[in-house]
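In what follows, a structure is listed as structure tokens, so that the remarks can point back to it.
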Amino acid sequence: MGGGSVSDIRELLRGLDVFSGELPDFDTGAAPADPRELFTDWLLDAVRAGVREPHAMTLSTTGTDGDPSARVLILKDLSPDGWHFAADAGSRKGRELAGRPAAALTFYWSPLARQVRIRGRVTAGGAEASAADFLARSPAARAEALLGRQSTPLADLAARDAAVRDSAARIEGEPGLVAPGWTLYTLRPDSVEFWQGDRDRRHTRLDYTRTDDGWKRGLLWP
């Protein structure tokens, strides 16, 4: 049997380098009043730096039983309303959002040692916006989503492949077909934190908190 011991893994993890290379500065005094502007700047910095899938984010939700769950999704849009993502309403995340319409988003751009954490309430979009998002997906992504079986037990990979082929054939015959449960969600932020890592652990954290008068900014200890 291969593999290392627990102690081997511990030593491996302790020996891995973190926050290496030249990291960007974070002038918190020059930060804009609206966190969406700063987020856009940081996202564009990640794109220019060649970060792979810079629009990938971790969506964290909570079930009615209090148990948390998290998964990685793609950011669909950023608007004055908030951060947008999509999912099947019948999936675990869809059911959890229906029961507890609050969530957290986490972006991490490792080469820049930058992290953005967003928390807020989530609302489901209307049928028209959700359909438009679904039809903008690639044919392969639509074929998979049309199955509506996410997170349910799978007998074997051959069954998956056969079902996806059948679904793809349906889409080819009906290009305007939309998965009935597909939903575009919007997270309206209550707080947005920007975290800039530092090799000497002097991390810089700037937190935006929504108030009745707009956004309040403040620094946080690392």
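For the structure tokens, the naming scheme is as follows: chains receive sequential letters (A, B, ...) according to their order of presentation, residues are indexed from 1 within each chain, and ligands are indexed from 1 in presentation order.
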Counting only C-alpha atoms, which residues of region 34-132 of chain A fall within 7 Å of region 191-206 of chain A, and what is the closest atom pair for each with its distance in Å at one decimal, ordered by chain and rising number, as a Markdown table?
| residue | atom | partner | partner_atom | distance |
| --- | --- | --- | --- | --- |
| A:Pro35 | CA | A:Val192 | CA | 6.7 |
| A:Ala113 | CA | A:Gly197 | CA | 4.9 |
| A:Arg114 | CA | A:Gln196 | CA | 4.8 |
| A:Gln115 | CA | A:Trp195 | CA | 5.0 |
| A:Val116 | CA | A:Phe194 | CA | 4.8 |
| A:Arg117 | CA | A:Glu193 | CA | 5.1 |
| A:Ile118 | CA | A:Val192 | CA | 4.5 |
| A:Arg119 | CA | A:Ser191 | CA | 5.5 |
| A:Gly120 | CA | A:Ser191 | CA | 6.8 |
Where does region 94-172 of chain A meet region 8-19 of chain A within 9 Å, residue by residue, with the nearest atom pair and distance in Å to one decimal for each, counting only C-alpha atoms, listed by chain and rising number, as CSV?
residue,atom,partner,partner_atom,distance
A:Ser110,CA,A:Phe19,CA,8.1
A:Pro111,CA,A:Phe19,CA,7.9
A:Leu112,CA,A:Phe19,CA,8.1
A:Ala113,CA,A:Phe19,CA,6.2
>> When you look at Gly99 (chain A) with a cut-off of 8 Å (counting only C-alpha atoms), what residues show up, excluding the ones that are within fewer than 3 positions of it in the same chain? I need them as a list in words.
In response: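 Once the nearby chain positions are removed, what remains is Gly63, Thr64, Arg95 and Glu96 of chain A.
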> Can you list, as a ChimeraX atom specification, every protein, DNA or RNA residue that comes within 7 Å of Ala86 (chain A) when you count only C-alpha atoms, leaving out same-chain residues fewer than 4 positions away?
Replying inline: /A:183-185
>> Neighbouring residues of Ser130 (chain A) were defined as those with any atom within 12 Å, considering only C-alpha atoms; residues of the same chain fewer than 5 positions away were excluded. Please report them as a PyMOL selection string.
In response: chain A and resi 76+84-89+124-125+135-137+178-186
Export of prior selection with C-alpha atoms as an mmCIF file, in the first residue's frame:
data_model
loop_
_atom_site.group_PDB
_atom_site.id
_atom_site.type_symbol
_atom_site.label_atom_id
_atom_site.label_comp_id
_atom_site.auth_asym_id
_atom_site.auth_seq_id
_atom_site.Cartn_x
_atom_site.Cartn_y
_atom_site.Cartn_z
ATOM 1 C CA LYS A 76 -22.004 35.327 -13.524
ATOM 2 C CA HIS A 84 -24.857 36.948 -9.353
ATOM 3 C CA PHE A 85 -24.576 33.167 -9.640
ATOM 4 C CA ALA A 86 -26.808 30.392 -10.972
ATOM 5 C CA ALA A 87 -27.869 26.919 -9.857
ATOM 6 C CA ASP A 88 -30.702 24.420 -10.065
ATOM 7 C CA ALA A 89 -33.345 25.236 -7.466
ATOM 8 C CA ALA A 124 -33.915 34.270 -6.738
ATOM 9 C CA GLY A 125 -34.296 35.945 -10.115
ATOM 10 C CA LEU A 135 -29.220 29.619 -22.713
ATOM 11 C CA ALA A 136 -25.904 31.494 -22.482
ATOM 12 C CA ARG A 137 -24.210 28.336 -21.145
ATOM 13 C CA VAL A 178 -34.448 25.525 -20.555
ATOM 14 C CA ALA A 179 -34.071 23.422 -17.410
ATOM 15 C CA PRO A 180 -37.223 24.101 -15.365
ATOM 16 C CA GLY A 181 -35.376 24.572 -12.087
ATOM 17 C CA TRP A 182 -32.532 26.706 -13.388
ATOM 18 C CA THR A 183 -32.335 29.897 -11.305
ATOM 19 C CA LEU A 184 -30.209 33.022 -11.398
ATOM 20 C CA TYR A 185 -29.497 34.188 -7.846
ATOM 21 C CA THR A 186 -28.314 37.537 -6.527
#
> Hey, can you check how far CA of Ala33 (chain A) sits from CA of Asp45 (chain A)?
Replying inline: 18.9 Å
Would you mind listing what lies within 10 Å of Glu144 (chain A) as an mmCIF file with N, CA and C atoms, in the first residue's frame, with only C-alpha atoms counted and same-chain residues fewer than 2 positions away left out?
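Below is the file that was written, part38.cif:
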data_model
loop_
_atom_site.group_PDB
_atom_site.id
_atom_site.type_symbol
_atom_site.label_atom_id
_atom_site.label_comp_id
_atom_site.auth_asym_id
_atom_site.auth_seq_id
_atom_site.Cartn_x
_atom_site.Cartn_y
_atom_site.Cartn_z
ATOM 1 N N PRO A 139 -23.312 24.222 -24.761
ATOM 2 C CA PRO A 139 -24.200 23.067 -24.947
ATOM 3 C C PRO A 139 -23.940 21.948 -23.940
ATOM 4 N N ALA A 140 -22.666 21.676 -23.648
ATOM 5 C CA ALA A 140 -22.343 20.615 -22.693
ATOM 6 C C ALA A 140 -22.855 20.955 -21.297
ATOM 7 N N ALA A 141 -22.707 22.218 -20.906
ATOM 8 C CA ALA A 141 -23.176 22.634 -19.579
ATOM 9 C C ALA A 141 -24.693 22.577 -19.502
ATOM 10 N N ARG A 142 -25.372 22.954 -20.588
ATOM 11 C CA ARG A 142 -26.839 22.870 -20.606
ATOM 12 C C ARG A 142 -27.304 21.415 -20.547
ATOM 13 N N LEU A 146 -29.656 20.085 -17.584
ATOM 14 C CA LEU A 146 -31.002 19.671 -17.947
ATOM 15 C C LEU A 146 -31.408 18.363 -17.269
ATOM 16 N N LEU A 147 -30.425 17.569 -16.857
ATOM 17 C CA LEU A 147 -30.722 16.302 -16.193
ATOM 18 C C LEU A 147 -31.426 16.516 -14.860
ATOM 19 N N GLY A 148 -31.047 17.575 -14.136
ATOM 20 C CA GLY A 148 -31.675 17.858 -12.854
ATOM 21 C C GLY A 148 -31.415 16.804 -11.796
ATOM 22 N N ARG A 149 -30.265 16.136 -11.863
ATOM 23 C CA ARG A 149 -29.979 15.050 -10.916
ATOM 24 C C ARG A 149 -28.798 15.349 -9.999
ATOM 25 N N GLN A 150 -28.385 16.578 -9.916
ATOM 26 C CA GLN A 150 -27.178 16.911 -9.173
ATOM 27 C C GLN A 150 -27.226 16.402 -7.737
ATOM 28 N N ARG A 160 -24.068 7.883 -16.354
ATOM 29 C CA ARG A 160 -23.938 9.345 -16.498
ATOM 30 C C ARG A 160 -23.734 9.739 -17.956
ATOM 31 N N ASP A 161 -22.796 9.063 -18.605
ATOM 32 C CA ASP A 161 -22.465 9.417 -19.985
ATOM 33 C C ASP A 161 -23.652 9.216 -20.915
ATOM 34 N N ALA A 163 -26.863 9.330 -20.101
ATOM 35 C CA ALA A 163 -27.876 10.342 -19.816
ATOM 36 C C ALA A 163 -27.485 11.693 -20.411
ATOM 37 N N VAL A 164 -26.208 12.041 -20.322
ATOM 38 C CA VAL A 164 -25.749 13.310 -20.882
ATOM 39 C C VAL A 164 -25.878 13.297 -22.404
ATOM 40 N N ARG A 165 -25.587 12.166 -23.042
ATOM 41 C CA ARG A 165 -25.743 12.070 -24.497
ATOM 42 C C ARG A 165 -27.203 12.286 -24.901
ATOM 43 N N SER A 167 -29.446 13.899 -23.207
ATOM 44 C CA SER A 167 -29.780 15.291 -22.925
ATOM 45 C C SER A 167 -29.228 16.213 -24.003
ATOM 46 N N ALA A 168 -28.018 15.938 -24.473
ATOM 47 C CA ALA A 168 -27.420 16.746 -25.530
ATOM 48 C C ALA A 168 -28.226 16.640 -26.822
ATOM 49 N N ALA A 179 -33.819 24.270 -18.582
ATOM 50 C CA ALA A 179 -34.071 23.422 -17.410
ATOM 51 C C ALA A 179 -35.082 24.117 -16.498
#
